[in-house]
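Chemist: Could you have a look at this structure, given as structure tokens, before my questions?
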Amino acid sequence: MVLRETETEALWKLSSAYEACTLSAHDPVSVSSDINASIGRHTFSHVFYDYTDPGKNGIGIMNQRIREGSSDIQTHLRIHDTLLNNFYSIDEGLKTNNRVKIVEAGTLVFENLKNYGRLVGEHSKRFGERAFLYYPTCLPGHIFFPPGTGVIRGKVFNLEQDAEGLEREIKRGLTLLANFPPCGKELEEIRMYEGHDSGNGILDTSLRGRLELTKLLLERAGFQIAVR
């Protein structure tokens with residue numbers, strides 16, 4: 001399968017956004033680690049609250065987040081649930097070579113990322129140093145390699161990890177989708193997530209699995225989830 005450059009760029013950017021959403025899905029239940037080797041988020045910068053030592057430190061942080069930021073957590077979950085459905089729609093469009101559906105669902109991804117960016121901005125202003133939601137970013141190490149295409153690219157999304165970087169990614173993504181070819185090679189072998197997703201449980205590293213794990217950890221901390 002040979003992809004046109006316009007197809008490759010759009011699908012690469014969407015898949016990069018998928019990885020960024022997978023990371024941000026954990027934000028309500030992750031806390032800063034003791035490793036501060038670099039500025040911003042990196043591979044070892046955050047851990048789940050129940051990994052803190054002693055564990056009561058993490059529970060104390062979660063109690064404060066639930067007490068002060070429950071509305072933001074609910075909105076975070078609602079937007080990520082919507083993003084997950086958007087990515088599922090993209091996969092369905094790829095599977096059936098429905099390019100209109102790919103463009104429509106992809107556009108919704110970037111529109112919902114815009115909504116999430118607004119949430120993070122407002123949250124950061126209210127909470128300052130206690131803020132626990134971050135602008136979506138894709139950490140190094142994720143590869144886009146759609147089967148049979150010969151394409152191998154590192155995924156990149158909002159390296160700056162800030163509002164301006166997210167805005168640039170959204171504008172770029174919408175432009176790429178606006179130029180996505182209305183016809184061409186079949187795309188049924190391509191997916192937003194190249195790994196395995198069983199469709200249930202919390203062990204998968206897919207967006208769905210990470211979001212389910214976040215919900216479970218929130219419930220264990222005493223949070224009542226409104227989105228089900």
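Identifiers for the structure tokens are assigned positionally: chains receive A, B, ... in sequence, residues are indexed from 1 per chain, and ligands are indexed from 1 in the order shown.
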Find the residues near His76 in chain A: any atom within 12 Å, counting only C-alpha atoms, skip ones fewer than 4 places away on the same chain, and give them as a PyMOL selection string.

Modeler: chain A and resi 21+24-29+69-72+80-83+112-113+115-120+123+132-136+211+214-215+225-227

Chemist: Contacts of Trp12 in chain A at 10 Å or less, counting only C-alpha atoms, minus same-chain residues fewer than 4 places along, as a PyMOL selection string?

Modeler: chain A and resi 6-8+16-18+143-146+151-157+173+192

Chemist: For Gln224 in chain A, which of A:Ile61, A:Leu11, A:Ile66, A:Leu176 is the closest residue, counting only C-alpha atoms?

Modeler: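 Closest to Gln224 in chain A, using only C-alpha atoms: A:Ile66.
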
Chemist: With only C-alpha atoms as the atoms that count, which of A:Arg208, A:Leu216, A:Tyr49, A:Asn158 lies nearest to Asn85 in chain A?

Modeler: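 Going through A:Arg208, A:Leu216, A:Tyr49, A:Asn158 one by one, the smallest distance to Asn85 in chain A is for A:Arg208.
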
Chemist: How far is it from CA of Tyr193 in chain A to CA of Thr22 in chain A, in Å with one decimal?

Modeler: 10.1 Å

Chemist: Which is closer to Glu68 in chain A than all the others in A:Glu169, A:Ala131, A:Gly150, A:Lys101, using only C-alpha atoms?

Modeler: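 Among the listed residues, A:Ala131 lies closest to Glu68 in chain A.
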
Chemist: Work out how far apart CA of Leu108 in chain A and CA of Ser30 in chain A are and give it in Å to one decimal.

Modeler: 26.6 Å

Chemist: Could you jot down the CA of Val31 in chain A to CA of Glu167 in chain A separation for me, Å, one decimal place?

Modeler: 25.3 Å

Chemist: May I have all residues of range 12-137 of chain A that DSSP, computed from the backbone, assigns to alpha helix (DSSP H), given as JSON, numbers by chain?

Modeler: {"A": [12, 13, 14, 15, 16, 17, 18, 19, 20, 21, 22, 23, 24, 55, 56, 57, 58, 59, 60, 61, 62, 63, 64, 65, 66, 67, 68, 69, 70, 71, 72, 73, 74, 75, 76, 77, 78, 79, 80, 81, 82, 83, 84, 85, 86, 87, 88, 89, 90, 91, 92, 93, 94, 95, 99, 100, 101, 102, 103, 104, 105, 106, 107, 108, 109, 110, 111, 112, 113, 114, 115, 116, 117, 118, 119, 120, 121, 122, 123, 124, 125, 126, 127]}

Chemist: Once you have the residues from the selection above, write them out as a short mmCIF file (atom, residue, chain, number, x, y, z; two decimals), in the first residue's frame, restricted to C-alpha atoms.

Modeler:
data_model
loop_
_atom_site.label_atom_id
_atom_site.label_comp_id
_atom_site.auth_asym_id
_atom_site.auth_seq_id
_atom_site.Cartn_x
_atom_site.Cartn_y
_atom_site.Cartn_z
CA TRP A 12 0.15 10.47 11.42
CA LYS A 13 -1.08 13.63 13.11
CA LEU A 14 -4.30 11.97 14.26
CA SER A 15 -2.39 8.96 15.61
CA SER A 16 -0.02 11.34 17.42
CA ALA A 17 -3.04 13.09 18.95
CA TYR A 18 -4.28 9.65 20.07
CA GLU A 19 -1.07 9.09 22.06
CA ALA A 20 -1.33 12.58 23.56
CA CYS A 21 -4.89 11.85 24.71
CA THR A 22 -3.79 8.50 26.15
CA LEU A 23 -1.25 10.31 28.33
CA SER A 24 -3.61 13.09 29.39
CA GLY A 55 0.63 5.74 50.11
CA LYS A 56 -1.25 8.17 52.32
CA ASN A 57 0.56 11.05 50.58
CA GLY A 58 -1.17 10.17 47.34
CA ILE A 59 -4.55 9.78 49.02
CA GLY A 60 -4.14 13.19 50.61
CA ILE A 61 -3.50 14.73 47.20
CA MET A 62 -6.52 12.97 45.74
CA ASN A 63 -8.76 14.07 48.60
CA GLN A 64 -7.80 17.67 47.87
CA ARG A 65 -8.36 17.27 44.12
CA ILE A 66 -11.77 15.71 44.65
CA ARG A 67 -12.75 18.35 47.18
CA GLU A 68 -11.62 21.32 45.10
CA GLY A 69 -11.64 20.12 41.49
CA SER A 70 -14.40 17.55 41.09
CA SER A 71 -16.10 19.58 38.36
CA ASP A 72 -12.88 19.73 36.33
CA ILE A 73 -12.36 15.99 36.76
CA GLN A 74 -15.89 15.27 35.51
CA THR A 75 -15.33 17.51 32.49
CA HIS A 76 -11.96 15.87 31.84
CA LEU A 77 -13.58 12.43 31.78
CA ARG A 78 -16.47 13.58 29.61
CA ILE A 79 -14.15 15.08 26.99
CA HIS A 80 -11.88 12.02 26.97
CA ASP A 81 -14.87 9.70 26.61
CA THR A 82 -15.94 11.78 23.63
CA LEU A 83 -12.42 11.71 22.15
CA LEU A 84 -12.34 7.92 22.51
CA ASN A 85 -15.58 7.68 20.52
CA ASN A 86 -14.13 10.04 17.91
CA PHE A 87 -11.10 7.79 17.47
CA TYR A 88 -13.33 4.72 17.25
CA SER A 89 -15.22 6.47 14.44
CA ILE A 90 -11.95 7.17 12.64
CA ASP A 91 -11.03 3.49 12.92
CA GLU A 92 -14.42 2.52 11.54
CA GLY A 93 -13.90 4.92 8.64
CA LEU A 94 -10.48 3.40 7.98
CA LYS A 95 -11.86 -0.12 8.13
CA ARG A 99 -13.03 8.91 3.87
CA VAL A 100 -15.87 11.28 4.67
CA LYS A 101 -16.23 9.60 8.07
CA ILE A 102 -12.48 9.81 8.68
CA VAL A 103 -12.47 13.55 8.00
CA GLU A 104 -15.62 14.21 10.03
CA ALA A 105 -14.45 12.21 13.05
CA GLY A 106 -10.92 13.59 12.79
CA THR A 107 -12.29 17.13 12.76
CA LEU A 108 -14.23 16.32 15.94
CA VAL A 109 -10.99 15.12 17.56
CA PHE A 110 -9.38 18.50 17.05
CA GLU A 111 -12.54 20.39 18.05
CA ASN A 112 -12.69 18.42 21.30
CA LEU A 113 -8.98 18.99 21.89
CA LYS A 114 -9.76 22.68 21.56
CA ASN A 115 -12.42 22.27 24.26
CA TYR A 116 -9.97 20.41 26.44
CA GLY A 117 -7.35 23.11 25.96
CA ARG A 118 -9.84 25.66 27.29
CA LEU A 119 -10.51 23.46 30.31
CA VAL A 120 -6.79 23.12 31.06
CA GLY A 121 -6.27 26.88 30.74
CA GLU A 122 -9.11 27.74 33.11
CA HIS A 123 -8.05 24.99 35.51
CA SER A 124 -4.45 26.24 35.57
CA LYS A 125 -5.58 29.78 36.38
CA ARG A 126 -7.73 28.61 39.29
CA PHE A 127 -5.31 26.12 40.81
#

Chemist: Could you name the residues that touch Gly209 in chain A at 9 Å or less, counting only C-alpha atoms, but leaving out those on the same chain fewer than 3 positions away, as a list in words?

Modeler: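 Those residues are Thr22, Asp197, Ser198, Gly199, Asn200, Gly201, Ile202, Leu203, Asp204, Thr205, Ser206, Glu212, Leu213 and Thr214 of chain A.
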
Chemist: Let me see the file: selected residues, N, CA and C atoms, as a short mmCIF file (atom, residue, chain, number, x, y, z; two decimals), in the first residue's frame.

Modeler:
data_model
loop_
_atom_site.label_atom_id
_atom_site.label_comp_id
_atom_site.auth_asym_id
_atom_site.auth_seq_id
_atom_site.Cartn_x
_atom_site.Cartn_y
_atom_site.Cartn_z
N THR A 22 -4.02 9.65 25.27
CA THR A 22 -3.79 8.50 26.15
C THR A 22 -3.00 8.92 27.37
N ASP A 197 -5.79 -3.93 21.65
CA ASP A 197 -6.81 -3.47 22.59
C ASP A 197 -7.87 -4.56 22.67
N SER A 198 -7.97 -5.20 23.85
CA SER A 198 -8.91 -6.30 24.02
C SER A 198 -10.36 -5.85 24.01
N GLY A 199 -10.58 -4.55 24.23
CA GLY A 199 -11.95 -4.04 24.25
C GLY A 199 -12.55 -3.97 25.64
N ASN A 200 -11.86 -4.51 26.64
CA ASN A 200 -12.35 -4.41 28.01
C ASN A 200 -11.19 -4.57 28.98
N GLY A 201 -11.41 -4.17 30.22
CA GLY A 201 -10.37 -4.28 31.23
C GLY A 201 -9.44 -3.08 31.25
N ILE A 202 -8.57 -3.06 32.25
CA ILE A 202 -7.70 -1.90 32.48
C ILE A 202 -6.24 -2.16 32.13
N LEU A 203 -5.93 -3.34 31.61
CA LEU A 203 -4.53 -3.70 31.39
C LEU A 203 -3.98 -3.22 30.05
N ASP A 204 -4.86 -2.94 29.09
CA ASP A 204 -4.39 -2.48 27.79
C ASP A 204 -3.84 -1.06 27.88
N THR A 205 -2.81 -0.79 27.10
CA THR A 205 -2.22 0.55 27.09
C THR A 205 -2.87 1.46 26.05
N SER A 206 -4.00 1.04 25.53
CA SER A 206 -4.77 1.87 24.60
C SER A 206 -5.42 3.02 25.36
N GLU A 212 -10.14 3.68 31.37
CA GLU A 212 -10.81 2.80 32.33
C GLU A 212 -10.01 2.70 33.63
N LEU A 213 -8.68 2.64 33.53
CA LEU A 213 -7.84 2.58 34.71
C LEU A 213 -7.98 3.87 35.52
N THR A 214 -8.00 5.00 34.85
CA THR A 214 -8.17 6.28 35.53
C THR A 214 -9.48 6.31 36.31
#

Chemist: Please report, as a VMD selection string, each residue of range 25-203 of chain A to which DSSP assigns strand (DSSP E or B) when run on this structure's backbone.

Modeler: chain A and resid 30 to 32 46 to 48 143 to 144 153 to 154

Chemist: Just the selected residues (N, CA and C atoms), exported as a PDB file, in the first residue's frame, please.

Modeler:
ATOM      1  N   SER A  30      -2.601  11.104  38.457  1.00  0.00           N
ATOM      2  CA  SER A  30      -1.139  11.058  38.487  1.00  0.00           C
ATOM      3  C   SER A  30      -0.608  12.235  39.294  1.00  0.00           C
ATOM      4  N   VAL A  31       0.501  12.003  39.977  1.00  0.00           N
ATOM      5  CA  VAL A  31       1.130  13.037  40.802  1.00  0.00           C
ATOM      6  C   VAL A  31       2.600  13.125  40.429  1.00  0.00           C
ATOM      7  N   SER A  32       3.212  14.242  40.745  1.00  0.00           N
ATOM      8  CA  SER A  32       4.624  14.433  40.407  1.00  0.00           C
ATOM      9  C   SER A  32       5.493  13.440  41.161  1.00  0.00           C
ATOM     10  N   HIS A  46       5.827  11.624  36.385  1.00  0.00           N
ATOM     11  CA  HIS A  46       4.605  11.425  37.156  1.00  0.00           C
ATOM     12  C   HIS A  46       4.377   9.932  37.433  1.00  0.00           C
ATOM     13  N   VAL A  47       3.712   9.668  38.557  1.00  0.00           N
ATOM     14  CA  VAL A  47       3.319   8.304  38.919  1.00  0.00           C
ATOM     15  C   VAL A  47       1.861   8.331  39.370  1.00  0.00           C
ATOM     16  N   PHE A  48       1.213   7.169  39.392  1.00  0.00           N
ATOM     17  CA  PHE A  48      -0.136   7.105  39.920  1.00  0.00           C
ATOM     18  C   PHE A  48      -0.103   7.401  41.421  1.00  0.00           C
ATOM     19  N   ILE A 143       5.720   5.214  17.796  1.00  0.00           N
ATOM     20  CA  ILE A 143       6.013   5.126  16.367  1.00  0.00           C
ATOM     21  C   ILE A 143       4.739   4.907  15.562  1.00  0.00           C
ATOM     22  N   PHE A 144       4.623   5.612  14.450  1.00  0.00           N
ATOM     23  CA  PHE A 144       3.524   5.437  13.501  1.00  0.00           C
ATOM     24  C   PHE A 144       4.044   4.555  12.374  1.00  0.00           C
ATOM     25  N   ARG A 153       7.395   6.511  11.277  1.00  0.00           N
ATOM     26  CA  ARG A 153       7.649   7.875  11.753  1.00  0.00           C
ATOM     27  C   ARG A 153       7.405   7.960  13.247  1.00  0.00           C
ATOM     28  N   GLY A 154       8.235   8.725  13.930  1.00  0.00           N
ATOM     29  CA  GLY A 154       7.983   8.996  15.335  1.00  0.00           C
ATOM     30  C   GLY A 154       6.775   9.909  15.470  1.00  0.00           C
TER      31      GLY A 154
END
